[in-house]
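coords23.tsv, holding TSV, C-alpha atoms:
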chain	number	residue	atom	x	y	z
A	8	MET	CA	-34.17	-105.63	66.67
A	9	LYS	CA	-33.37	-102.44	68.45
A	10	ALA	CA	-30.08	-102.12	66.52
A	11	PHE	CA	-31.94	-102.69	63.25
A	12	ASN	CA	-34.39	-99.93	64.10
A	13	VAL	CA	-31.51	-97.58	64.85
A	14	VAL	CA	-29.89	-98.33	61.48
A	15	VAL	CA	-33.18	-97.79	59.63
A	16	SER	CA	-33.69	-94.52	61.45
A	17	VAL	CA	-30.21	-93.34	60.46
A	18	VAL	CA	-30.78	-94.28	56.83
A	19	VAL	CA	-34.11	-92.45	56.75
A	20	ALA	CA	-32.52	-89.41	58.30
A	21	VAL	CA	-29.72	-89.41	55.67
A	22	LEU	CA	-32.20	-89.75	52.83
A	23	ALA	CA	-34.23	-86.85	54.25
A	24	VAL	CA	-31.13	-84.66	54.35
A	25	VAL	CA	-30.12	-85.59	50.77
A	26	SER	CA	-33.65	-84.89	49.51
A	27	ALA	CA	-33.69	-81.51	51.22
A	28	VAL	CA	-30.28	-80.59	49.70
A	29	PHE	CA	-31.35	-81.70	46.19
A	30	ALA	CA	-34.59	-79.72	46.45
A	31	PHE	CA	-32.62	-76.67	47.54
A	32	LEU	CA	-30.21	-76.98	44.62
A	33	MET	CA	-33.03	-77.41	42.11
A	34	MET	CA	-34.74	-74.32	43.46
A	35	GLN	CA	-31.52	-72.33	43.13
A	36	LYS	CA	-31.03	-73.47	39.49
A	37	SER	CA	-34.64	-72.69	38.61
A	38	ASP	CA	-34.28	-69.18	40.00
A	39	LYS	CA	-31.15	-68.55	37.90
A	40	THR	CA	-32.81	-69.95	34.78
A	41	GLN	CA	-35.77	-67.65	35.29
A	42	VAL	CA	-33.51	-64.63	35.71
A	43	GLY	CA	-31.50	-65.54	32.57
A	44	TRP	CA	-34.64	-66.13	30.53
A	45	GLU	CA	-36.09	-62.77	31.56
A	46	ALA	CA	-32.80	-61.04	30.56
A	47	PHE	CA	-32.89	-62.87	27.19
A	48	VAL	CA	-36.52	-61.82	26.58
A	49	SER	CA	-35.69	-58.22	27.52
A	50	GLU	CA	-32.76	-58.02	25.06
A	51	VAL	CA	-34.81	-59.59	22.26
A	52	GLY	CA	-37.55	-57.01	22.89
A	53	LYS	CA	-35.06	-54.15	22.83
A	54	THR	CA	-33.48	-55.49	19.63
A	55	ALA	CA	-36.89	-55.75	17.96
A	56	LYS	CA	-37.80	-52.20	18.96
A	57	THR	CA	-34.47	-50.96	17.58
A	58	LEU	CA	-35.09	-52.73	14.27
A	59	ASP	CA	-38.63	-51.31	14.14
A	60	GLN	CA	-37.41	-47.71	14.03
A	61	LYS	CA	-38.58	-46.16	10.71
A	62	SER	CA	-38.92	-49.65	9.22
A	63	GLY	CA	-42.67	-49.46	8.55
A	64	LYS	CA	-42.89	-53.19	9.42
A	65	PRO	CA	-42.91	-53.46	13.25
A	66	ILE	CA	-42.25	-56.83	14.87
A	67	ALA	CA	-41.65	-55.81	18.52
A	68	GLY	CA	-45.30	-56.50	19.43
A	69	LYS	CA	-44.88	-60.13	18.39
A	70	LEU	CA	-41.71	-60.47	20.49
A	71	SER	CA	-43.12	-59.20	23.79
A	72	ALA	CA	-42.32	-60.66	27.21
A	73	THR	CA	-45.63	-62.56	27.10
A	74	ALA	CA	-44.92	-64.06	23.67
A	75	LEU	CA	-41.46	-65.18	24.80
A	76	SER	CA	-42.36	-66.38	28.32
A	77	ILE	CA	-41.37	-69.81	29.54
A	78	ASP	CA	-45.03	-70.73	29.59
A	79	SER	CA	-45.12	-70.11	25.79
A	80	ALA	CA	-41.92	-72.04	25.09
A	81	GLU	CA	-43.50	-74.00	22.25
A	82	GLN	CA	-44.17	-70.79	20.29
A	83	VAL	CA	-40.83	-69.11	21.08
A	84	GLY	CA	-39.08	-70.64	18.03
A	85	ASP	CA	-41.68	-69.26	15.60
A	86	ALA	CA	-41.57	-65.85	17.27
A	87	LEU	CA	-37.78	-65.68	17.08
A	88	LYS	CA	-37.90	-66.44	13.35
A	89	LEU	CA	-39.39	-62.96	12.90
A	90	LEU	CA	-36.19	-61.50	14.31
A	91	SER	CA	-34.06	-63.70	12.04
A	92	ARG	CA	-36.04	-62.73	8.94
A	93	ARG	CA	-35.84	-59.07	9.83
A	94	ALA	CA	-32.04	-59.35	10.24
A	95	LYS	CA	-31.79	-60.96	6.76
A	96	GLU	CA	-33.95	-58.20	5.27
A	97	ILE	CA	-31.75	-55.53	6.84
A	98	ILE	CA	-28.60	-57.24	5.55
A	99	ALA	CA	-30.07	-57.42	2.03
A	100	GLU	CA	-31.00	-53.74	2.15
A	101	ARG	CA	-27.56	-52.89	3.53
A	102	ASP	CA	-25.86	-54.72	0.64
A	103	ALA	CA	-28.13	-53.04	-1.91
A	104	PHE	CA	-27.44	-49.65	-0.39
A	105	ALA	CA	-23.69	-50.33	-0.44
A	106	ASP	CA	-23.95	-51.29	-4.12
A	107	ILE	CA	-25.84	-48.09	-4.92
A	108	LEU	CA	-23.22	-46.00	-3.13
A	109	ALA	CA	-20.42	-47.73	-5.08
A	110	ARG	CA	-22.25	-47.16	-8.38
A	111	ILE	CA	-22.77	-43.51	-7.53
A	112	ALA	CA	-19.06	-43.15	-6.79
A	113	ASN	CA	-18.17	-44.80	-10.11
A	114	ASN	CA	-20.62	-42.63	-12.03
A	115	VAL	CA	-19.10	-39.41	-10.71
A	116	GLY	CA	-15.59	-40.60	-11.61
A	117	ALA	CA	-14.27	-41.44	-8.14
A	118	THR	CA	-10.81	-43.05	-8.33
A	119	ASP	CA	-10.85	-44.73	-4.91
A	120	VAL	CA	-14.20	-46.53	-4.76
A	121	PRO	CA	-14.55	-48.70	-1.61
A	122	GLY	CA	-15.17	-52.42	-2.12
A	123	ASP	CA	-18.11	-54.44	-0.81
A	124	ALA	CA	-16.23	-55.45	2.35
A	125	GLU	CA	-15.43	-51.81	3.18
A	126	MET	CA	-18.94	-50.57	2.38
A	127	CYS	CA	-20.64	-53.26	4.50
A	128	GLY	CA	-18.16	-53.53	7.38
A	129	LEU	CA	-19.33	-51.86	10.59
A	130	GLU	CA	-15.82	-50.57	11.33
A	131	THR	CA	-15.16	-49.28	7.78
A	132	TYR	CA	-18.63	-48.14	6.70
A	133	ALA	CA	-18.31	-44.60	8.03
A	134	ALA	CA	-15.03	-43.94	6.21
A	135	SER	CA	-16.35	-45.56	3.01
A	136	LYS	CA	-19.52	-43.45	3.16
A	137	ASP	CA	-17.39	-40.32	3.54
A	138	LYS	CA	-15.33	-41.30	0.47
A	139	VAL	CA	-18.49	-41.58	-1.64
A	140	PHE	CA	-19.89	-38.34	-0.27
A	141	ASN	CA	-16.61	-36.50	-0.89
A	142	ALA	CA	-16.47	-37.86	-4.47
A	143	VAL	CA	-20.04	-36.70	-5.19
A	144	ASP	CA	-19.39	-33.36	-3.53
A	145	GLN	CA	-16.21	-32.90	-5.58
A	146	ALA	CA	-18.06	-33.78	-8.79
A	147	MET	CA	-20.80	-31.26	-8.02
A	148	SER	CA	-18.20	-28.63	-7.16
A	149	ASN	CA	-16.41	-29.31	-10.46
A	150	HIS	CA	-19.66	-28.94	-12.39
A	151	THR	CA	-20.49	-25.70	-10.63
A	152	ARG	CA	-16.98	-24.34	-11.24
A	153	VAL	CA	-17.18	-25.21	-14.95
A	154	PHE	CA	-20.61	-23.62	-15.31
A	155	LYS	CA	-19.43	-20.46	-13.54
A	156	LYS	CA	-16.35	-20.27	-15.76
A	157	LEU	CA	-18.54	-20.74	-18.83
A	158	ASN	CA	-20.79	-17.94	-17.64
A	159	ASP	CA	-17.80	-15.64	-17.02
A	160	VAL	CA	-16.45	-16.28	-20.53
A	161	ALA	CA	-19.90	-15.76	-22.08
A	162	ASN	CA	-20.25	-12.46	-20.19
A	163	SER	CA	-16.79	-11.13	-20.96
A	164	GLN	CA	-16.47	-12.26	-24.57
A	165	LEU	CA	-20.03	-12.29	-25.92
A	166	ASN	CA	-22.00	-10.17	-23.45
A	167	ALA	CA	-24.27	-13.14	-22.73
A	168	SER	CA	-25.53	-14.10	-19.27
A	169	LEU	CA	-26.21	-17.73	-18.33
A	170	ASN	CA	-28.28	-19.16	-15.47
A	171	VAL	CA	-25.71	-21.25	-13.58
A	172	ASP	CA	-28.32	-22.90	-11.33
A	173	ALA	CA	-30.37	-23.95	-14.37
A	174	LEU	CA	-27.26	-25.40	-16.02
A	175	ARG	CA	-26.37	-27.29	-12.86
A	176	ASN	CA	-29.89	-28.74	-12.80
A	177	GLY	CA	-29.53	-30.00	-16.38
A	178	ASP	CA	-31.76	-27.42	-18.11
A	179	THR	CA	-30.41	-27.43	-21.70
A	180	THR	CA	-32.42	-24.33	-22.59
A	181	ALA	CA	-30.16	-22.36	-20.26
A	182	VAL	CA	-27.42	-22.35	-22.94
A	183	ALA	CA	-29.72	-20.52	-25.41
A	184	PRO	CA	-28.24	-17.05	-24.63
A	185	LEU	CA	-24.75	-18.37	-25.38
A	186	VAL	CA	-25.88	-20.05	-28.64
A	187	ASN	CA	-27.64	-16.88	-29.77
A	188	ALA	CA	-24.60	-14.72	-28.98
A	189	ILE	CA	-22.29	-17.10	-30.86
A	190	ASN	CA	-24.58	-17.11	-33.91
A	191	LYS	CA	-24.77	-13.32	-33.86
A	192	GLN	CA	-21.00	-13.03	-33.64
A	193	ALA	CA	-20.59	-15.57	-36.45
A	194	ASP	CA	-22.92	-13.55	-38.72
A	195	ALA	CA	-20.95	-10.39	-37.99
A	196	ASN	CA	-17.66	-12.16	-38.69
A	197	ARG	CA	-18.90	-13.49	-42.03
A	198	ALA	CA	-20.07	-10.04	-43.12
A	199	TYR	CA	-16.70	-8.55	-42.14
A	200	GLU	CA	-14.81	-11.30	-43.98
A	201	ARG	CA	-16.83	-10.74	-47.17
A	202	THR	CA	-16.13	-7.00	-47.14
A	203	LEU	CA	-12.46	-7.47	-46.36
A	204	GLY	CA	-12.15	-10.16	-49.03
A	205	ASN	CA	-13.58	-7.83	-51.69
A	206	VAL	CA	-11.10	-5.10	-50.75
A	207	ALA	CA	-8.19	-7.54	-50.79
A	208	ARG	CA	-9.07	-8.83	-54.28
A	209	MET	CA	-9.24	-5.25	-55.61
A	210	VAL	CA	-5.58	-4.71	-54.70
A	211	ASN	CA	-4.52	-8.27	-55.63
A	212	VAL	CA	-3.77	-9.35	-52.06
A	213	ASP	CA	-4.44	-12.94	-50.95
A	214	PHE	CA	-7.24	-13.07	-48.44
A	215	ASP	CA	-6.94	-15.48	-45.52
A	216	LYS	CA	-9.80	-15.22	-43.06
A	217	GLU	CA	-7.62	-16.81	-40.39
A	218	LYS	CA	-5.29	-13.80	-40.71
A	219	ALA	CA	-7.87	-11.16	-41.58
A	220	SER	CA	-6.36	-8.61	-39.21
A	221	GLY	CA	-3.26	-8.41	-41.39
A	222	VAL	CA	-5.07	-7.86	-44.69
A	223	SER	CA	-5.23	-4.06	-44.35
A	224	ASP	CA	-1.52	-3.95	-43.59
A	225	GLY	CA	-0.95	-6.11	-46.65
A	226	VAL	CA	-2.93	-3.72	-48.83
A	227	ARG	CA	-0.84	-0.75	-47.71
A	228	ALA	CA	2.37	-2.69	-48.16
A	229	LYS	CA	1.23	-3.77	-51.63
A	230	LEU	CA	0.59	-0.21	-52.75
A	231	SER	CA	3.89	1.07	-51.37
A	232	SER	CA	5.89	-1.69	-53.03
A	233	LEU	CA	4.50	-1.33	-56.58
A	234	ASP	CA	7.23	1.07	-57.64
A	235	ALA	CA	9.92	-1.10	-56.10
A	236	ASP	CA	8.45	-4.10	-57.91
A	237	LYS	CA	8.65	-2.23	-61.22
A	238	ARG	CA	12.33	-1.44	-60.73
A	239	GLN	CA	13.00	-5.02	-59.69
A	240	LEU	CA	11.21	-6.31	-62.79
A	241	GLU	CA	13.45	-4.17	-64.98
A	242	ARG	CA	16.52	-5.59	-63.29
A	243	ASP	CA	15.12	-9.09	-63.64
A	244	LEU	CA	14.47	-8.48	-67.35
A	245	ASP	CA	18.08	-7.52	-67.92
A	246	ALA	CA	19.22	-10.59	-66.02
A	247	ALA	CA	16.86	-12.76	-68.08
A	248	LYS	CA	18.31	-11.42	-71.33
A	249	ARG	CA	21.81	-12.31	-70.15
A	250	THR	CA	20.57	-15.77	-69.13
A	251	ILE	CA	19.02	-16.27	-72.60
A	252	ARG	CA	22.30	-15.43	-74.29
A	253	GLU	CA	24.11	-17.85	-71.98
A	254	LYS	CA	21.53	-20.57	-72.69
A	255	GLU	CA	21.85	-20.05	-76.41
A	256	GLY	CA	25.61	-20.61	-76.13
A	257	ALA	CA	25.05	-23.72	-73.99
A	258	LEU	CA	22.47	-24.95	-76.53
A	259	SER	CA	25.02	-24.73	-79.31
A	260	GLU	CA	27.47	-26.76	-77.23
A	261	SER	CA	24.74	-29.31	-76.47
A	262	ALA	CA	23.91	-29.63	-80.17
A	263	ALA	CA	27.55	-30.41	-80.91
A	264	LYS	CA	27.63	-33.00	-78.11
A	265	LEU	CA	24.38	-34.53	-79.40
A	266	ALA	CA	25.83	-34.93	-82.88
A	267	SER	CA	28.89	-36.65	-81.37
A	268	LEU	CA	26.69	-38.99	-79.31
A	269	GLN	CA	24.61	-39.87	-82.37
A	270	GLN	CA	27.76	-40.88	-84.18
A	271	GLU	CA	28.74	-43.07	-81.19
A	272	VAL	CA	25.32	-44.71	-81.17
A	273	ALA	CA	25.63	-45.46	-84.89
A	274	LYS	CA	28.99	-47.14	-84.28
A	275	ARG	CA	27.51	-49.27	-81.44
A	276	ASP	CA	24.53	-50.25	-83.59
A	277	GLN	CA	26.97	-51.50	-86.21
A	278	ALA	CA	28.83	-53.49	-83.54
A	279	ILE	CA	25.57	-55.05	-82.27
A	280	THR	CA	24.64	-56.04	-85.83
A	281	SER	CA	28.04	-57.73	-86.19
A	282	TYR	CA	27.54	-59.60	-82.87
A	283	LYS	CA	24.12	-60.84	-83.99
A	284	ARG	CA	25.53	-62.09	-87.25
A	285	ALA	CA	28.28	-63.87	-85.30
A	286	LEU	CA	25.61	-65.56	-83.15
A	287	GLY	CA	23.96	-66.81	-86.30
A	288	LEU	CA	20.72	-64.93	-85.86
A	289	ALA	CA	18.63	-65.26	-89.00
A	290	ASP	CA	17.73	-61.60	-88.96
A	291	ALA	CA	20.56	-59.24	-88.18
A	292	ASN	CA	17.96	-56.59	-87.40
A	293	SER	CA	16.25	-58.85	-84.79
A	294	LYS	CA	15.59	-57.12	-81.47
A	295	GLU	CA	16.15	-60.36	-79.50
A	296	MET	CA	18.72	-59.79	-76.77
A	297	PRO	CA	20.38	-62.03	-74.17
A	298	TRP	CA	18.35	-62.45	-70.99
A	299	THR	CA	19.68	-60.96	-67.78
A	300	ASP	CA	19.86	-62.85	-64.47
A	301	GLY	CA	16.57	-62.54	-62.56
A	302	SER	CA	14.68	-61.24	-65.61
A	303	ILE	CA	11.05	-62.13	-66.32
A	304	ASP	CA	12.14	-64.02	-69.45
A	305	ALA	CA	14.52	-66.17	-67.38
A	306	ARG	CA	11.90	-66.87	-64.70
A	307	ARG	CA	9.27	-67.66	-67.32
A	308	ALA	CA	11.57	-70.47	-68.56
A	309	VAL	CA	11.88	-72.13	-65.13
A	310	VAL	CA	10.44	-75.67	-64.88
A	311	GLY	CA	10.94	-77.71	-61.71
A	312	ARG	CA	9.53	-80.81	-60.05
A	313	VAL	CA	8.35	-81.73	-56.56
A	314	ILE	CA	10.86	-84.30	-55.30
A	315	ASP	CA	9.47	-84.88	-51.79
A	316	VAL	CA	6.23	-84.26	-49.88
A	317	ASN	CA	6.50	-84.23	-46.07
A	318	SER	CA	2.88	-84.31	-44.89
A	319	ASP	CA	3.86	-84.74	-41.24
A	320	TYR	CA	5.63	-81.38	-41.09
A	321	GLY	CA	3.61	-79.69	-43.83
A	322	TYR	CA	6.26	-78.85	-46.46
A	323	ILE	CA	7.46	-79.97	-49.90
A	324	THR	CA	10.92	-80.08	-51.47
A	325	ILE	CA	11.47	-78.71	-54.99
A	326	ASP	CA	14.46	-79.38	-57.27
A	327	LEU	CA	15.08	-75.65	-57.81
A	328	GLY	CA	17.55	-73.45	-55.95
A	329	SER	CA	19.73	-70.36	-56.04
A	330	ALA	CA	22.17	-72.07	-58.46
A	331	THR	CA	19.44	-73.16	-60.88
A	332	THR	CA	19.92	-71.90	-64.44
A	333	VAL	CA	17.75	-71.93	-67.57
A	334	GLU	CA	18.96	-72.03	-71.18
A	335	GLN	CA	18.33	-69.31	-73.72
A	336	LYS	CA	18.67	-70.25	-77.36
A	337	LEU	CA	20.18	-67.23	-79.07
A	338	GLY	CA	21.10	-67.84	-82.73
A	339	ASN	CA	23.47	-70.79	-82.84
A	340	LYS	CA	24.42	-70.34	-79.18
A	341	THR	CA	22.86	-71.57	-75.91
A	342	LEU	CA	23.29	-69.21	-72.94
A	343	PRO	CA	22.81	-70.24	-69.28
A	344	VAL	CA	20.85	-67.64	-67.27
A	345	ASN	CA	20.15	-67.62	-63.49
A	346	PRO	CA	16.48	-66.73	-62.72
A	347	GLN	CA	17.60	-65.80	-59.16
A	348	LEU	CA	15.02	-67.75	-57.16
A	349	ALA	CA	14.64	-66.32	-53.64
A	350	ARG	CA	12.77	-66.84	-50.37
A	351	GLY	CA	9.14	-65.69	-50.52
A	352	MET	CA	8.85	-66.07	-54.31
A	353	GLU	CA	5.42	-67.43	-55.34
A	354	MET	CA	5.40	-70.68	-57.32
A	355	ILE	CA	2.65	-72.59	-59.14
A	356	ILE	CA	2.25	-76.37	-58.70
A	357	SER	CA	0.58	-78.25	-61.58
A	358	ARG	CA	-0.09	-81.88	-62.36
A	359	GLY	CA	1.51	-82.26	-65.76
A	360	ALA	CA	3.51	-79.79	-67.83
A	361	ILE	CA	1.82	-76.50	-68.63
A	362	GLY	CA	-0.50	-77.04	-71.55
A	363	ASP	CA	-4.05	-78.02	-72.33
A	364	ASP	CA	-3.92	-81.11	-70.08
A	365	ALA	CA	-2.12	-79.51	-67.11
A	366	GLU	CA	-4.10	-79.41	-63.82
A	367	PHE	CA	-3.59	-76.56	-61.38
A	368	VAL	CA	-2.79	-77.91	-57.90
A	369	ALA	CA	-1.68	-75.04	-55.64
A	370	ARG	CA	0.24	-71.80	-55.14
A	371	VAL	CA	3.13	-71.91	-52.67
A	372	LYS	CA	5.86	-69.58	-51.49
A	373	LEU	CA	9.52	-70.60	-51.31
A	374	GLY	CA	10.83	-70.98	-47.79
A	375	GLU	CA	14.43	-72.11	-47.38
A	376	VAL	CA	16.30	-71.75	-50.73
A	377	GLY	CA	19.40	-73.89	-51.14
A	378	ALA	CA	21.78	-74.07	-54.06
A	379	LYS	CA	20.00	-76.94	-55.80
A	380	CYS	CA	16.70	-77.39	-53.97
A	381	SER	CA	14.20	-75.42	-51.92
A	382	THR	CA	11.29	-75.98	-49.53
A	383	ALA	CA	7.79	-74.52	-49.39
A	384	ASP	CA	4.96	-74.83	-46.87
A	385	ILE	CA	1.90	-76.79	-47.99
A	386	PRO	CA	-1.18	-74.50	-48.06
A	387	ALA	CA	-4.02	-75.83	-45.92
A	388	GLU	CA	-6.67	-75.10	-48.56
A	389	SER	CA	-4.79	-76.62	-51.53
A	390	ALA	CA	-5.35	-79.93	-53.25
A	391	LYS	CA	-2.94	-82.68	-52.27
A	392	ILE	CA	0.52	-82.09	-53.76
A	393	LYS	CA	2.29	-85.18	-55.07
A	394	THR	CA	5.88	-86.08	-55.85
A	395	GLY	CA	6.56	-85.44	-59.52
A	396	ASP	CA	4.22	-82.44	-59.81
A	397	TYR	CA	5.57	-79.60	-61.96
A	398	VAL	CA	6.70	-76.29	-60.48
A	399	TYR	CA	6.71	-72.88	-62.25
A	400	VAL	CA	7.42	-69.30	-61.20
A	401	SER	CA	4.18	-67.31	-60.73
A	402	LEU	CA	4.53	-64.18	-62.88

Turn the structure described in the file into structure tokens.
Amino acid sequence: MKAFNVVVSVVVAVLAVVSAVFAFLMMQKSDKTQVGWEAFVSEVGKTAKTLDQKSGKPIAGKLSATALSIDSAEQVGDALKLLSRRAKEIIAERDAFADILARIANNVGATDVPGDAEMCGLETYAASKDKVFNAVDQAMSNHTRVFKKLNDVANSQLNASLNVDALRNGDTTAVAPLVNAINKQADANRAYERTLGNVARMVNVDFDKEKASGVSDGVRAKLSSLDADKRQLERDLDAAKRTIREKEGALSESAAKLASLQQEVAKRDQAITSYKRALGLADANSKEMPWTDGSIDARRAVVGRVIDVNSDYGYITIDLGSATTVEQKLGNKTLPVNPQLARGMEMIISRGAIGDDAEFVARVKLGEVGAKCSTADIPAESAKIKTGDYVYVSL
């Protein structure tokens, strides 16, 4: 029994030591948690106060140490949502501000406008902001320089003074002195041109208002050259008389040549009459002549047929080609004539030979032209072309 009591005592002692150690460790952890929590609450409060600056919507009072204490742990989540919402609002305003800056840069003609990432990035924002500012500043400087130059020109050329500050501020009435000076100068110029024009017409000098400064010189030159013109006219008259005599001689020669040519024509007319009689033409005086290759008469006589329709590839084959000929009945002779069919020539497709019963089918253009046959694409809007349809040249 004594041994049992000793064992029990030892066990109790061990348990007491373990309990004391565990209590000590828990107390240490609780102290560290409290310190960490207080640091967290302090930083949240500082962050809220920073966000409150000039915001007009303070939230720091709702994120005080009391509101975020461990004793109020159940309400901490709701309180911290204020901080989250404020961060989202600031981000939205930041993005909107970045967009406005980019639009301003574009509007003033900046060539190196920062992108969204550069405008919103904390490390690149400062440089991006400077780019926009420099672009706006350059645009304003350009405007001011232009307005100053305009004022200098108005002063020096038209004795008109402009208000540069008013122009820079967009006051359109500030250009009134310049407009008035221009109108006054224009009136004076028109009066001068009218007077100078009247003088120029009196001395038969062409007046050109674009070269008005030279009109007076032209008048003087005109007066001084009248005598020289008279002498030159006399020389020209003598030369013209010589030319007339020469032309009269040439005219006589031409008359002789004309008579000879008329005789030659008469001989050829007789030969043509003989040829017509040899061809058996009923009227020797008929003006009917042999067709020439490629002539309208030859093409008008062309009649072909569609020999194949390839619907799959959208083309037809026609029994006409570069070697096709038509026959001309001339007296008692029949002459073959080549109508000279060529790529791109427009053809008419009809159902039946041309006449009262013929039905128009389509217009096509020759594609590949062989010696005896040709192809043509089928128009999408045409009626269906069939094998055996007639083909004519479109004249």

Could you tell me how far atom CA of A:Leu129 sits from atom CA of A:Phe104, in Å to one decimal place?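 Calculated distance between atom CA of A:Phe104 and atom CA of A:Leu129 is 13.8 Å.
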
Between atom CA of A:Ile97 and atom CA of A:Ala142, what is the spacing in Å? 26.0 Å

With a distance cut-off of 8 Å and all atoms listed in the file, select the neighbouring residues of A:Gln335, excluding the residue or stretch itself and same-chain residues fewer than 3 positions from it, and output the selection as a PyMOL selection string. chain A and resi 297-298+341-344

Excluding A:Leu185 and residues on its chain fewer than 4 positions from it, collect all residues at most 7 Å away from it, counting all atoms listed in the file, and give them as JSON, numbers by chain. {"A": [161, 167, 189]}

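Separating atom CA of A:Ala173 from atom CA of A:Ser148 is a distance of 14.9 Å.
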
Nearby residues (only C-alpha atoms) at most 6 Å from stretch 363-373 of chain A, same-chain spacing under 6 positions excluded, as number ranges by chain: A: 350-357, 382-383, 389-390

List the spatial neighbours of A:Glu96 as a ChimeraX atom specification - criterion: any atom at most 12 Å away, only C-alpha atoms, same-chain residues fewer than 6 positions off excluded. /A:58,62,64,89-90,102-103

8 Å per side around stretch 355-374 of chain A: axis-aligned box centre and edge lengths, as lines of an AutoDock Vina configuration file:
center_x = 3.4
center_y = -75.9
center_z = -60.1
size_x = 30.9
size_y = 28.7
size_z = 40.5

Do you know which residues are at most 10 Å from A:Ala188 counting all atoms listed in the file, after dropping those on the same chain fewer than 4 positions away, and could you put them as a PyMOL selection string? chain A and resi 161+164-168+183-184+192-194

Restricting the calculation to only C-alpha atoms: of A:Ile314, A:Val139, A:Met296, A:Val83, which residue gets closest to A:Ile107?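 Ranking A:Ile314, A:Val139, A:Met296, A:Val83 by distance to A:Ile107, first place goes to A:Val139.
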
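The closest residue to A:Arg93, picked from A:Ile66, A:Ala360, A:Ala181, A:Ala109 and counting all atoms listed in the file, is A:Ile66.
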